[in-house]
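Student: This is model32.txt, which holds compact mmCIF, N, CA and C atoms:
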```
# COMPACT_ATOMS: atom_id res chain seq x y z
N MET O 1 -128.29 -87.90 -61.17
CA MET O 1 -127.18 -86.97 -61.14
C MET O 1 -126.43 -87.09 -62.47
N ARG O 2 -125.99 -85.95 -63.01
CA ARG O 2 -125.19 -85.93 -64.23
C ARG O 2 -123.73 -85.72 -63.85
N PHE O 3 -122.83 -86.23 -64.67
CA PHE O 3 -121.40 -86.13 -64.41
C PHE O 3 -120.68 -85.56 -65.61
N PHE O 4 -119.62 -84.81 -65.34
CA PHE O 4 -118.72 -84.33 -66.37
C PHE O 4 -117.40 -85.08 -66.19
N PHE O 5 -116.97 -85.75 -67.25
CA PHE O 5 -115.71 -86.49 -67.23
C PHE O 5 -114.73 -85.81 -68.18
N TYR O 6 -113.51 -85.62 -67.73
CA TYR O 6 -112.49 -84.91 -68.51
C TYR O 6 -111.25 -85.75 -68.74
N GLY O 7 -111.18 -86.95 -68.21
CA GLY O 7 -109.98 -87.77 -68.29
C GLY O 7 -110.24 -89.14 -68.87
N THR O 8 -109.79 -90.16 -68.16
CA THR O 8 -109.90 -91.53 -68.66
C THR O 8 -111.35 -91.95 -68.87
N LEU O 9 -112.27 -91.35 -68.13
CA LEU O 9 -113.68 -91.72 -68.27
C LEU O 9 -114.34 -91.16 -69.53
N ILE O 10 -113.61 -90.36 -70.29
CA ILE O 10 -114.09 -89.97 -71.62
C ILE O 10 -114.16 -91.22 -72.50
N ASP O 11 -113.24 -92.13 -72.26
CA ASP O 11 -113.13 -93.35 -73.07
C ASP O 11 -114.33 -94.27 -72.82
N ASP O 12 -114.99 -94.69 -73.89
CA ASP O 12 -116.18 -95.55 -73.79
C ASP O 12 -115.88 -96.85 -73.05
N ASP O 13 -114.73 -97.47 -73.31
CA ASP O 13 -114.39 -98.75 -72.69
C ASP O 13 -114.15 -98.59 -71.19
N VAL O 14 -113.44 -97.55 -70.80
CA VAL O 14 -113.18 -97.31 -69.38
C VAL O 14 -114.50 -97.01 -68.66
N ARG O 15 -115.30 -96.13 -69.27
CA ARG O 15 -116.58 -95.75 -68.66
C ARG O 15 -117.47 -96.98 -68.47
N ALA O 16 -117.55 -97.85 -69.47
CA ALA O 16 -118.39 -99.05 -69.36
C ALA O 16 -117.86 -99.99 -68.28
N LEU O 17 -116.56 -100.11 -68.17
CA LEU O 17 -115.96 -100.99 -67.17
C LEU O 17 -116.22 -100.45 -65.76
N VAL O 18 -116.05 -99.16 -65.57
CA VAL O 18 -116.22 -98.55 -64.25
C VAL O 18 -117.68 -98.52 -63.83
N LEU O 19 -118.55 -98.13 -64.74
CA LEU O 19 -119.96 -97.97 -64.38
C LEU O 19 -120.76 -99.26 -64.45
N GLY O 20 -120.27 -100.27 -65.15
CA GLY O 20 -121.00 -101.51 -65.27
C GLY O 20 -122.38 -101.28 -65.85
N SER O 21 -123.38 -101.95 -65.30
CA SER O 21 -124.74 -101.83 -65.83
C SER O 21 -125.32 -100.43 -65.63
N SER O 22 -124.72 -99.64 -64.74
CA SER O 22 -125.19 -98.27 -64.54
C SER O 22 -125.01 -97.43 -65.80
N ALA O 23 -124.08 -97.85 -66.67
CA ALA O 23 -123.81 -97.11 -67.91
C ALA O 23 -124.79 -97.45 -69.01
N ASP O 24 -125.56 -98.52 -68.86
CA ASP O 24 -126.49 -98.93 -69.91
C ASP O 24 -127.47 -97.81 -70.23
N GLY O 25 -127.44 -97.38 -71.47
CA GLY O 25 -128.38 -96.36 -71.90
C GLY O 25 -128.03 -94.95 -71.46
N ALA O 26 -126.91 -94.76 -70.79
CA ALA O 26 -126.52 -93.43 -70.33
C ALA O 26 -125.71 -92.75 -71.43
N ALA O 27 -126.39 -91.93 -72.20
CA ALA O 27 -125.74 -91.23 -73.30
C ALA O 27 -124.80 -90.16 -72.77
N VAL O 28 -123.80 -89.83 -73.57
CA VAL O 28 -122.91 -88.73 -73.24
C VAL O 28 -122.88 -87.75 -74.41
N CYS O 29 -122.57 -86.50 -74.11
CA CYS O 29 -122.40 -85.50 -75.14
C CYS O 29 -121.16 -84.68 -74.81
N ALA O 30 -120.58 -84.06 -75.81
CA ALA O 30 -119.40 -83.22 -75.61
C ALA O 30 -119.77 -82.01 -74.75
N ALA O 31 -118.85 -81.67 -73.85
CA ALA O 31 -119.08 -80.53 -72.96
C ALA O 31 -117.73 -79.93 -72.57
N THR O 32 -117.77 -78.73 -72.01
CA THR O 32 -116.56 -78.06 -71.56
C THR O 32 -116.76 -77.48 -70.17
N LEU O 33 -115.65 -77.27 -69.48
CA LEU O 33 -115.65 -76.67 -68.16
C LEU O 33 -114.68 -75.50 -68.19
N ALA O 34 -115.21 -74.29 -68.15
CA ALA O 34 -114.39 -73.08 -68.23
C ALA O 34 -113.67 -72.82 -66.91
N GLY O 35 -112.46 -72.26 -67.02
CA GLY O 35 -111.69 -71.89 -65.83
C GLY O 35 -110.89 -73.03 -65.24
N TRP O 36 -110.80 -74.13 -65.97
CA TRP O 36 -110.05 -75.31 -65.51
C TRP O 36 -109.22 -75.84 -66.68
N SER O 37 -108.09 -76.46 -66.36
CA SER O 37 -107.25 -77.12 -67.36
C SER O 37 -106.98 -78.54 -66.90
N VAL O 38 -106.80 -79.43 -67.87
CA VAL O 38 -106.52 -80.83 -67.57
C VAL O 38 -105.01 -81.03 -67.55
N VAL O 39 -104.49 -81.50 -66.41
CA VAL O 39 -103.05 -81.73 -66.24
C VAL O 39 -102.82 -83.14 -65.71
N ARG O 40 -101.59 -83.59 -65.83
CA ARG O 40 -101.22 -84.93 -65.35
C ARG O 40 -101.11 -84.93 -63.82
N VAL O 41 -101.44 -86.06 -63.23
CA VAL O 41 -101.13 -86.29 -61.83
C VAL O 41 -99.66 -86.71 -61.80
N GLN O 42 -98.89 -86.17 -60.88
CA GLN O 42 -97.46 -86.47 -60.81
C GLN O 42 -97.22 -87.97 -60.75
N GLY O 43 -96.39 -88.46 -61.67
CA GLY O 43 -96.00 -89.86 -61.68
C GLY O 43 -97.05 -90.83 -62.16
N LYS O 44 -98.15 -90.34 -62.70
CA LYS O 44 -99.26 -91.19 -63.15
C LYS O 44 -99.56 -90.93 -64.62
N THR O 45 -100.35 -91.81 -65.22
CA THR O 45 -100.74 -91.62 -66.62
C THR O 45 -102.11 -90.96 -66.73
N TYR O 46 -102.77 -90.75 -65.62
CA TYR O 46 -104.12 -90.17 -65.65
C TYR O 46 -104.09 -88.71 -65.19
N PRO O 47 -105.18 -87.98 -65.45
CA PRO O 47 -105.18 -86.55 -65.17
C PRO O 47 -105.99 -86.12 -63.96
N VAL O 48 -105.93 -84.84 -63.74
CA VAL O 48 -106.75 -84.13 -62.78
C VAL O 48 -107.00 -82.75 -63.40
N ILE O 49 -107.98 -82.04 -62.91
CA ILE O 49 -108.17 -80.68 -63.41
C ILE O 49 -107.63 -79.70 -62.39
N ALA O 50 -107.11 -78.60 -62.91
CA ALA O 50 -106.54 -77.55 -62.07
C ALA O 50 -107.26 -76.25 -62.40
N ARG O 51 -107.55 -75.47 -61.38
CA ARG O 51 -108.18 -74.16 -61.59
C ARG O 51 -107.15 -73.26 -62.25
N ARG O 52 -107.36 -73.05 -63.53
CA ARG O 52 -106.45 -72.23 -64.32
C ARG O 52 -107.22 -71.62 -65.47
N ARG O 53 -106.62 -70.62 -66.03
CA ARG O 53 -107.21 -70.05 -67.23
C ARG O 53 -107.23 -71.15 -68.30
N GLY O 54 -108.31 -71.27 -68.96
CA GLY O 54 -108.43 -72.29 -70.00
C GLY O 54 -109.77 -72.99 -69.91
N THR O 55 -109.87 -74.07 -70.65
CA THR O 55 -111.10 -74.83 -70.70
C THR O 55 -110.76 -76.31 -70.71
N ALA O 56 -111.45 -77.07 -69.90
CA ALA O 56 -111.30 -78.52 -69.89
C ALA O 56 -112.39 -79.11 -70.79
N ASP O 57 -111.97 -79.86 -71.80
CA ASP O 57 -112.91 -80.56 -72.68
C ASP O 57 -113.24 -81.91 -72.09
N GLY O 58 -114.47 -82.37 -72.31
CA GLY O 58 -114.85 -83.68 -71.81
C GLY O 58 -116.21 -84.08 -72.31
N VAL O 59 -116.84 -84.95 -71.53
CA VAL O 59 -118.19 -85.42 -71.86
C VAL O 59 -119.09 -85.26 -70.65
N LEU O 60 -120.36 -85.00 -70.94
CA LEU O 60 -121.40 -84.88 -69.92
C LEU O 60 -122.32 -86.07 -70.05
N THR O 61 -122.58 -86.73 -68.94
CA THR O 61 -123.47 -87.90 -68.97
C THR O 61 -124.92 -87.46 -68.83
N GLY O 62 -125.81 -88.39 -69.18
CA GLY O 62 -127.20 -88.25 -68.80
C GLY O 62 -127.31 -88.56 -67.32
N GLU O 63 -128.50 -88.66 -66.81
CA GLU O 63 -128.72 -88.95 -65.39
C GLU O 63 -128.20 -90.35 -65.05
N LEU O 64 -127.41 -90.43 -63.97
CA LEU O 64 -126.92 -91.71 -63.46
C LEU O 64 -127.43 -91.89 -62.04
N ASP O 65 -127.57 -93.13 -61.62
CA ASP O 65 -128.14 -93.41 -60.30
C ASP O 65 -127.07 -93.39 -59.20
N ASP O 66 -127.52 -93.61 -57.96
CA ASP O 66 -126.62 -93.59 -56.80
C ASP O 66 -125.57 -94.69 -56.86
N SER O 67 -125.89 -95.82 -57.45
CA SER O 67 -124.89 -96.89 -57.54
C SER O 67 -123.75 -96.48 -58.48
N ALA O 68 -124.07 -95.71 -59.51
CA ALA O 68 -123.02 -95.20 -60.40
C ALA O 68 -122.11 -94.25 -59.62
N PHE O 69 -122.71 -93.40 -58.79
CA PHE O 69 -121.90 -92.48 -57.99
C PHE O 69 -120.96 -93.25 -57.06
N GLU O 70 -121.46 -94.28 -56.42
CA GLU O 70 -120.63 -95.10 -55.53
C GLU O 70 -119.48 -95.75 -56.29
N ARG O 71 -119.75 -96.27 -57.47
CA ARG O 71 -118.71 -96.88 -58.29
C ARG O 71 -117.66 -95.84 -58.70
N LEU O 72 -118.11 -94.65 -59.04
CA LEU O 72 -117.19 -93.59 -59.43
C LEU O 72 -116.31 -93.14 -58.27
N VAL O 73 -116.87 -93.02 -57.09
CA VAL O 73 -116.09 -92.64 -55.91
C VAL O 73 -115.01 -93.69 -55.65
N ARG O 74 -115.36 -94.95 -55.75
CA ARG O 74 -114.40 -96.04 -55.56
C ARG O 74 -113.30 -95.97 -56.62
N TYR O 75 -113.68 -95.73 -57.86
CA TYR O 75 -112.73 -95.64 -58.97
C TYR O 75 -111.78 -94.46 -58.78
N GLU O 76 -112.32 -93.31 -58.44
CA GLU O 76 -111.51 -92.10 -58.34
C GLU O 76 -110.57 -92.13 -57.14
N GLY O 77 -110.99 -92.72 -56.05
CA GLY O 77 -110.13 -92.84 -54.88
C GLY O 77 -109.95 -91.54 -54.12
N PRO O 78 -109.01 -91.54 -53.16
CA PRO O 78 -108.86 -90.40 -52.27
C PRO O 78 -108.23 -89.16 -52.90
N GLU O 79 -107.70 -89.28 -54.12
CA GLU O 79 -107.10 -88.13 -54.78
C GLU O 79 -108.14 -87.14 -55.33
N TYR O 80 -109.41 -87.58 -55.33
CA TYR O 80 -110.47 -86.77 -55.94
C TYR O 80 -111.66 -86.66 -55.00
N GLU O 81 -112.41 -85.57 -55.19
CA GLU O 81 -113.69 -85.41 -54.49
C GLU O 81 -114.68 -84.79 -55.47
N ALA O 82 -115.94 -85.13 -55.29
CA ALA O 82 -116.97 -84.64 -56.20
C ALA O 82 -117.39 -83.23 -55.82
N ALA O 83 -117.54 -82.40 -56.84
CA ALA O 83 -118.02 -81.03 -56.65
C ALA O 83 -119.08 -80.76 -57.71
N ALA O 84 -120.05 -79.95 -57.38
CA ALA O 84 -121.09 -79.56 -58.34
C ALA O 84 -120.62 -78.29 -59.05
N LEU O 85 -120.44 -78.39 -60.38
CA LEU O 85 -119.96 -77.27 -61.17
C LEU O 85 -120.82 -77.11 -62.41
N ASP O 86 -120.79 -75.92 -62.99
CA ASP O 86 -121.53 -75.67 -64.22
C ASP O 86 -120.64 -75.98 -65.41
N VAL O 87 -121.12 -76.86 -66.28
CA VAL O 87 -120.42 -77.18 -67.52
C VAL O 87 -121.29 -76.72 -68.68
N THR O 88 -120.67 -76.57 -69.83
CA THR O 88 -121.38 -76.10 -71.01
C THR O 88 -121.46 -77.20 -72.05
N VAL O 89 -122.67 -77.50 -72.50
CA VAL O 89 -122.87 -78.49 -73.56
C VAL O 89 -122.35 -77.87 -74.85
N THR O 90 -121.43 -78.54 -75.50
CA THR O 90 -120.76 -78.00 -76.67
C THR O 90 -121.73 -77.67 -77.80
N GLU O 91 -122.63 -78.56 -78.10
CA GLU O 91 -123.52 -78.38 -79.25
C GLU O 91 -124.52 -77.24 -79.08
N THR O 92 -125.03 -77.08 -77.86
CA THR O 92 -126.12 -76.10 -77.65
C THR O 92 -125.70 -74.85 -76.89
N GLY O 93 -124.58 -74.90 -76.17
CA GLY O 93 -124.17 -73.78 -75.33
C GLY O 93 -124.91 -73.72 -74.00
N GLU O 94 -125.75 -74.73 -73.75
CA GLU O 94 -126.53 -74.79 -72.51
C GLU O 94 -125.60 -75.04 -71.31
N ALA O 95 -125.84 -74.31 -70.22
CA ALA O 95 -125.12 -74.53 -68.97
C ALA O 95 -125.86 -75.58 -68.16
N VAL O 96 -125.14 -76.57 -67.68
CA VAL O 96 -125.73 -77.68 -66.92
C VAL O 96 -124.90 -77.90 -65.66
N ARG O 97 -125.57 -78.07 -64.54
CA ARG O 97 -124.89 -78.40 -63.27
C ARG O 97 -124.59 -79.89 -63.28
N ALA O 98 -123.35 -80.24 -63.00
CA ALA O 98 -122.94 -81.65 -63.01
C ALA O 98 -121.92 -81.90 -61.92
N ALA O 99 -121.82 -83.15 -61.51
CA ALA O 99 -120.78 -83.56 -60.57
C ALA O 99 -119.48 -83.71 -61.35
N VAL O 100 -118.41 -83.14 -60.80
CA VAL O 100 -117.09 -83.19 -61.41
C VAL O 100 -116.11 -83.63 -60.33
N PHE O 101 -115.25 -84.58 -60.65
CA PHE O 101 -114.25 -85.01 -59.68
C PHE O 101 -113.04 -84.08 -59.78
N VAL O 102 -112.85 -83.29 -58.72
CA VAL O 102 -111.78 -82.31 -58.63
C VAL O 102 -110.71 -82.84 -57.68
N PRO O 103 -109.51 -82.27 -57.70
CA PRO O 103 -108.44 -82.79 -56.83
C PRO O 103 -108.73 -82.55 -55.35
N SER O 104 -108.42 -83.56 -54.56
CA SER O 104 -108.48 -83.42 -53.11
C SER O 104 -107.11 -82.96 -52.62
N ASP O 105 -106.98 -82.78 -51.33
CA ASP O 105 -105.69 -82.40 -50.75
C ASP O 105 -104.63 -83.48 -50.95
N GLN O 106 -105.05 -84.71 -51.23
CA GLN O 106 -104.12 -85.83 -51.40
C GLN O 106 -103.56 -85.93 -52.81
N CYS O 107 -104.06 -85.12 -53.72
CA CYS O 107 -103.64 -85.19 -55.12
C CYS O 107 -102.42 -84.31 -55.36
N ARG O 108 -101.44 -84.89 -56.03
CA ARG O 108 -100.24 -84.14 -56.40
C ARG O 108 -100.26 -83.93 -57.91
N MET O 109 -100.67 -82.76 -58.33
CA MET O 109 -100.76 -82.51 -59.77
C MET O 109 -99.48 -81.90 -60.29
N SER O 110 -99.22 -82.17 -61.57
CA SER O 110 -98.06 -81.58 -62.23
C SER O 110 -98.52 -80.34 -62.99
N VAL O 111 -97.60 -79.72 -63.68
CA VAL O 111 -97.96 -78.60 -64.53
C VAL O 111 -98.08 -79.04 -65.99
N SER O 112 -97.75 -80.30 -66.27
CA SER O 112 -97.79 -80.82 -67.64
C SER O 112 -99.22 -81.08 -68.07
N PRO O 113 -99.57 -80.63 -69.27
CA PRO O 113 -100.92 -80.91 -69.77
C PRO O 113 -101.11 -82.39 -70.04
N TRP O 114 -102.34 -82.84 -69.97
CA TRP O 114 -102.72 -84.23 -70.26
C TRP O 114 -103.61 -84.21 -71.48
N ARG O 115 -103.32 -85.10 -72.42
CA ARG O 115 -104.11 -85.15 -73.65
C ARG O 115 -104.73 -86.54 -73.81
N PHE O 116 -106.03 -86.56 -73.97
CA PHE O 116 -106.79 -87.80 -74.07
C PHE O 116 -106.26 -88.70 -75.19
N GLU O 117 -106.03 -88.15 -76.37
CA GLU O 117 -105.59 -88.96 -77.51
C GLU O 117 -104.23 -89.61 -77.23
N ASP O 118 -103.33 -88.88 -76.58
CA ASP O 118 -102.03 -89.45 -76.22
C ASP O 118 -102.21 -90.60 -75.24
N TRP O 119 -103.06 -90.41 -74.24
CA TRP O 119 -103.31 -91.45 -73.25
C TRP O 119 -103.88 -92.70 -73.92
N GLN O 120 -104.85 -92.52 -74.80
CA GLN O 120 -105.44 -93.68 -75.49
C GLN O 120 -104.39 -94.46 -76.25
N ARG O 121 -103.54 -93.74 -76.97
CA ARG O 121 -102.54 -94.40 -77.80
C ARG O 121 -101.45 -95.08 -76.96
N ARG O 122 -101.02 -94.45 -75.88
CA ARG O 122 -99.86 -94.96 -75.12
C ARG O 122 -100.21 -95.82 -73.91
N HIS O 123 -101.35 -95.55 -73.26
CA HIS O 123 -101.58 -96.15 -71.95
C HIS O 123 -102.89 -96.92 -71.78
N LYS O 124 -103.82 -96.77 -72.70
CA LYS O 124 -105.16 -97.33 -72.50
C LYS O 124 -105.14 -98.84 -72.25
N ARG O 125 -104.47 -99.59 -73.09
CA ARG O 125 -104.48 -101.06 -72.96
C ARG O 125 -104.02 -101.51 -71.57
N GLU O 126 -102.90 -100.97 -71.12
CA GLU O 126 -102.38 -101.34 -69.80
C GLU O 126 -103.30 -100.84 -68.69
N PHE O 127 -103.86 -99.67 -68.86
CA PHE O 127 -104.78 -99.09 -67.87
C PHE O 127 -106.00 -99.99 -67.68
N LEU O 128 -106.59 -100.44 -68.78
CA LEU O 128 -107.74 -101.34 -68.70
C LEU O 128 -107.37 -102.65 -68.01
N ALA O 129 -106.20 -103.18 -68.30
CA ALA O 129 -105.75 -104.41 -67.66
C ALA O 129 -105.62 -104.21 -66.14
N ARG O 130 -105.09 -103.06 -65.73
CA ARG O 130 -104.97 -102.78 -64.29
C ARG O 130 -106.34 -102.65 -63.63
N LEU O 131 -107.28 -102.03 -64.32
CA LEU O 131 -108.64 -101.91 -63.77
C LEU O 131 -109.26 -103.29 -63.56
N ARG O 132 -109.12 -104.15 -64.55
CA ARG O 132 -109.67 -105.51 -64.43
C ARG O 132 -109.00 -106.26 -63.30
N ALA O 133 -107.68 -106.10 -63.15
CA ALA O 133 -106.94 -106.78 -62.07
C ALA O 133 -107.39 -106.27 -60.69
N ARG O 134 -107.77 -105.01 -60.61
CA ARG O 134 -108.26 -104.43 -59.35
C ARG O 134 -109.70 -104.85 -59.04
N GLY O 135 -110.33 -105.52 -59.98
CA GLY O 135 -111.71 -105.93 -59.76
C GLY O 135 -112.72 -104.87 -60.08
N ILE O 136 -112.33 -103.89 -60.88
CA ILE O 136 -113.27 -102.84 -61.27
C ILE O 136 -114.33 -103.43 -62.19
N ALA O 137 -113.94 -104.39 -63.02
CA ALA O 137 -114.89 -104.99 -63.97
C ALA O 137 -115.86 -105.89 -63.27
```
Turn this file's structure into structure tokens for me.
Tutor:
Amino acid sequence: MRFFFYGTLIDDDVRALVLGSSADGAAVCAATLAGWSVVRVQGKTYPVIARRRGTADGVLTGELDDSAFERLVRYEGPEYEAAALDVTVTETGEAVRAAVFVPSDQCRMSVSPWRFEDWQRRHKREFLARLRARGIA
């Protein structure tokens, strides 16, 4: 199964921590998801996607196994659910079906945009520490 990541999992360090050995050799490439925008989850430093005019930028993985899917479901928690959506590979324009974690009914999204570079600069270090404390590593 291939995955499209638009938030914290764009980050190589977060992705490696969450996926563990499942990430070994799993290349990623730039991709986009049309008709969605990346916004903040209310009161959190991480994002969710909202069905809106726009495009969500992210990365598309190569094929990952079932254990990777299980790890991702655990990481994402009840605020997200996996959906099969068509994403576009940035370099080639190819449309690819991938699993994307979209908001569940339990997710409270804001209207504020979320920017990956801002998150890396302001929150990444603390975020990684929290993941390790939760036993994600």
Student: Would you list the residues near (-108.4, -86.8, -56.3), meaning any protein, DNA or RNA residue with an atom at most 7 Å from that point in file coordinates, counting only N, CA and C atoms, as a ChimeraX atom specification?
Tutor: /O:76-81,101-107
Student: From the options O:Tyr46, O:Phe69, O:Trp36, O:Trp114, which residue's atoms come nearest to Ala99 in chain O, counting only C-alpha atoms?
Tutor: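 For Ala99 in chain O, the nearest of the candidates is O:Phe69.
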Student: Go through O:Thr55, O:Ser67, O:Thr88, O:Gln120 and flag the residue nearest Leu19 in chain O, using only C-alpha atoms for the distances.
Tutor: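 Looking only at the distances to Leu19 in chain O, the closest residue turns out to be O:Ser67.
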Student: Between atom N of Met1 in chain O and atom C of Ala98 in chain O, what is the spacing in Å?
Tutor: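 Going from atom C of Ala98 in chain O over to atom N of Met1 in chain O covers 8.8 Å.
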Student: Could you give me the residues within chain O that DSSP places in strand (DSSP E or B), as a ChimeraX atom specification?
Tutor: /O:3-5,28-41,47-61,80-89,95-103,109-113
Student: Skipping near chain neighbours, those fewer than 3 positions away, what residues fall within 8 Å of range 123-133 of chain O using only N, CA and C atoms, listed as a list in words?
Tutor: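 My reading of the contact set: Asp13, Val14, Leu17, Thr45, Glu117, Asp118, Trp119, Gln120, Ile136 and Ala137 of chain O.
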Student: Could you please determine the separation between atom C of Ser112 in chain O and atom C of Phe4 in chain O in Å, to one decimal place?
Tutor: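 Interatomic distance here is 18.7 Å.
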Student: Could you tell me how far atom C of Tyr6 in chain O lies from CA of Arg40 in chain O, in Å and to one decimal?
Tutor: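 CA of Arg40 in chain O lies at a distance of 10.6 Å from atom C of Tyr6 in chain O.
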Student: Between O:Leu72, O:Ala50, O:Met109, O:Val38, which residue has the minimum interatomic distance to Ala16 in chain O, considering only C-alpha atoms?
Tutor: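 So, comparing all the options, the nearest one is O:Leu72.
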Student: Among chain O, which ones does DSSP place in helix (DSSP H, G or I), written as a CSV table (one decimal) with N, CA and C atoms, keeping the file's coordinate frame?
Tutor:
```
chain,number,residue,atom,x,y,z
O,8,THR,N,-109.8,-90.2,-68.2
O,8,THR,CA,-109.9,-91.5,-68.7
O,8,THR,C,-111.4,-92.0,-68.9
O,9,LEU,N,-112.3,-91.4,-68.1
O,9,LEU,CA,-113.7,-91.7,-68.3
O,9,LEU,C,-114.3,-91.2,-69.5
O,10,ILE,N,-113.6,-90.4,-70.3
O,10,ILE,CA,-114.1,-90.0,-71.6
O,10,ILE,C,-114.2,-91.2,-72.5
O,12,ASP,N,-115.0,-94.7,-73.9
O,12,ASP,CA,-116.2,-95.6,-73.8
O,12,ASP,C,-115.9,-96.8,-73.0
O,13,ASP,N,-114.7,-97.5,-73.3
O,13,ASP,CA,-114.4,-98.8,-72.7
O,13,ASP,C,-114.2,-98.6,-71.2
O,14,VAL,N,-113.4,-97.6,-70.8
O,14,VAL,CA,-113.2,-97.3,-69.4
O,14,VAL,C,-114.5,-97.0,-68.7
O,15,ARG,N,-115.3,-96.1,-69.3
O,15,ARG,CA,-116.6,-95.8,-68.7
O,15,ARG,C,-117.5,-97.0,-68.5
O,16,ALA,N,-117.6,-97.8,-69.5
O,16,ALA,CA,-118.4,-99.0,-69.4
O,16,ALA,C,-117.9,-100.0,-68.3
O,17,LEU,N,-116.6,-100.1,-68.2
O,17,LEU,CA,-116.0,-101.0,-67.2
O,17,LEU,C,-116.2,-100.4,-65.8
O,18,VAL,N,-116.0,-99.2,-65.6
O,18,VAL,CA,-116.2,-98.6,-64.2
O,18,VAL,C,-117.7,-98.5,-63.8
O,19,LEU,N,-118.6,-98.1,-64.7
O,19,LEU,CA,-120.0,-98.0,-64.4
O,19,LEU,C,-120.8,-99.3,-64.4
O,20,GLY,N,-120.3,-100.3,-65.2
O,20,GLY,CA,-121.0,-101.5,-65.3
O,20,GLY,C,-122.4,-101.3,-65.8
O,21,SER,N,-123.4,-102.0,-65.3
O,21,SER,CA,-124.7,-101.8,-65.8
O,21,SER,C,-125.3,-100.4,-65.6
O,22,SER,N,-124.7,-99.6,-64.7
O,22,SER,CA,-125.2,-98.3,-64.5
O,22,SER,C,-125.0,-97.4,-65.8
O,23,ALA,N,-124.1,-97.8,-66.7
O,23,ALA,CA,-123.8,-97.1,-67.9
O,23,ALA,C,-124.8,-97.4,-69.0
O,66,ASP,N,-127.5,-93.6,-58.0
O,66,ASP,CA,-126.6,-93.6,-56.8
O,66,ASP,C,-125.6,-94.7,-56.9
O,67,SER,N,-125.9,-95.8,-57.4
O,67,SER,CA,-124.9,-96.9,-57.5
O,67,SER,C,-123.8,-96.5,-58.5
O,68,ALA,N,-124.1,-95.7,-59.5
O,68,ALA,CA,-123.0,-95.2,-60.4
O,68,ALA,C,-122.1,-94.2,-59.6
O,69,PHE,N,-122.7,-93.4,-58.8
O,69,PHE,CA,-121.9,-92.5,-58.0
O,69,PHE,C,-121.0,-93.2,-57.1
O,70,GLU,N,-121.5,-94.3,-56.4
O,70,GLU,CA,-120.6,-95.1,-55.5
O,70,GLU,C,-119.5,-95.8,-56.3
O,71,ARG,N,-119.8,-96.3,-57.5
O,71,ARG,CA,-118.7,-96.9,-58.3
O,71,ARG,C,-117.7,-95.8,-58.7
O,72,LEU,N,-118.1,-94.6,-59.0
O,72,LEU,CA,-117.2,-93.6,-59.4
O,72,LEU,C,-116.3,-93.1,-58.3
O,73,VAL,N,-116.9,-93.0,-57.1
O,73,VAL,CA,-116.1,-92.6,-55.9
O,73,VAL,C,-115.0,-93.7,-55.6
O,74,ARG,N,-115.4,-95.0,-55.8
O,74,ARG,CA,-114.4,-96.0,-55.6
O,74,ARG,C,-113.3,-96.0,-56.6
O,75,TYR,N,-113.7,-95.7,-57.9
O,75,TYR,CA,-112.7,-95.6,-59.0
O,75,TYR,C,-111.8,-94.5,-58.8
O,76,GLU,N,-112.3,-93.3,-58.4
O,76,GLU,CA,-111.5,-92.1,-58.3
O,76,GLU,C,-110.6,-92.1,-57.1
O,77,GLY,N,-111.0,-92.7,-56.0
O,77,GLY,CA,-110.1,-92.8,-54.9
O,77,GLY,C,-110.0,-91.5,-54.1
O,78,PRO,N,-109.0,-91.5,-53.2
O,78,PRO,CA,-108.9,-90.4,-52.3
O,78,PRO,C,-108.2,-89.2,-52.9
O,79,GLU,N,-107.7,-89.3,-54.1
O,79,GLU,CA,-107.1,-88.1,-54.8
O,79,GLU,C,-108.1,-87.1,-55.3
O,116,PHE,N,-106.0,-86.6,-74.0
O,116,PHE,CA,-106.8,-87.8,-74.1
O,116,PHE,C,-106.3,-88.7,-75.2
O,117,GLU,N,-106.0,-88.2,-76.4
O,117,GLU,CA,-105.6,-89.0,-77.5
O,117,GLU,C,-104.2,-89.6,-77.2
O,118,ASP,N,-103.3,-88.9,-76.6
O,118,ASP,CA,-102.0,-89.4,-76.2
O,118,ASP,C,-102.2,-90.6,-75.2
O,119,TRP,N,-103.1,-90.4,-74.2
O,119,TRP,CA,-103.3,-91.4,-73.2
O,119,TRP,C,-103.9,-92.7,-73.9
O,120,GLN,N,-104.8,-92.5,-74.8
O,120,GLN,CA,-105.4,-93.7,-75.5
O,120,GLN,C,-104.4,-94.5,-76.2
O,121,ARG,N,-103.5,-93.7,-77.0
O,121,ARG,CA,-102.5,-94.4,-77.8
O,121,ARG,C,-101.4,-95.1,-77.0
O,122,ARG,N,-101.0,-94.4,-75.9
O,122,ARG,CA,-99.9,-95.0,-75.1
O,122,ARG,C,-100.2,-95.8,-73.9
O,124,LYS,N,-103.8,-96.8,-72.7
O,124,LYS,CA,-105.2,-97.3,-72.5
O,124,LYS,C,-105.1,-98.8,-72.2
O,125,ARG,N,-104.5,-99.6,-73.1
O,125,ARG,CA,-104.5,-101.1,-73.0
O,125,ARG,C,-104.0,-101.5,-71.6
O,126,GLU,N,-102.9,-101.0,-71.1
O,126,GLU,CA,-102.4,-101.3,-69.8
O,126,GLU,C,-103.3,-100.8,-68.7
O,127,PHE,N,-103.9,-99.7,-68.9
O,127,PHE,CA,-104.8,-99.1,-67.9
O,127,PHE,C,-106.0,-100.0,-67.7
O,128,LEU,N,-106.6,-100.4,-68.8
O,128,LEU,CA,-107.7,-101.3,-68.7
O,128,LEU,C,-107.4,-102.6,-68.0
O,129,ALA,N,-106.2,-103.2,-68.3
O,129,ALA,CA,-105.8,-104.4,-67.7
O,129,ALA,C,-105.6,-104.2,-66.1
O,130,ARG,N,-105.1,-103.1,-65.7
O,130,ARG,CA,-105.0,-102.8,-64.3
O,130,ARG,C,-106.3,-102.6,-63.6
O,131,LEU,N,-107.3,-102.0,-64.3
O,131,LEU,CA,-108.6,-101.9,-63.8
O,131,LEU,C,-109.3,-103.3,-63.6
O,132,ARG,N,-109.1,-104.2,-64.6
O,132,ARG,CA,-109.7,-105.5,-64.4
O,132,ARG,C,-109.0,-106.3,-63.3
O,133,ALA,N,-107.7,-106.1,-63.2
O,133,ALA,CA,-106.9,-106.8,-62.1
O,133,ALA,C,-107.4,-106.3,-60.7
```
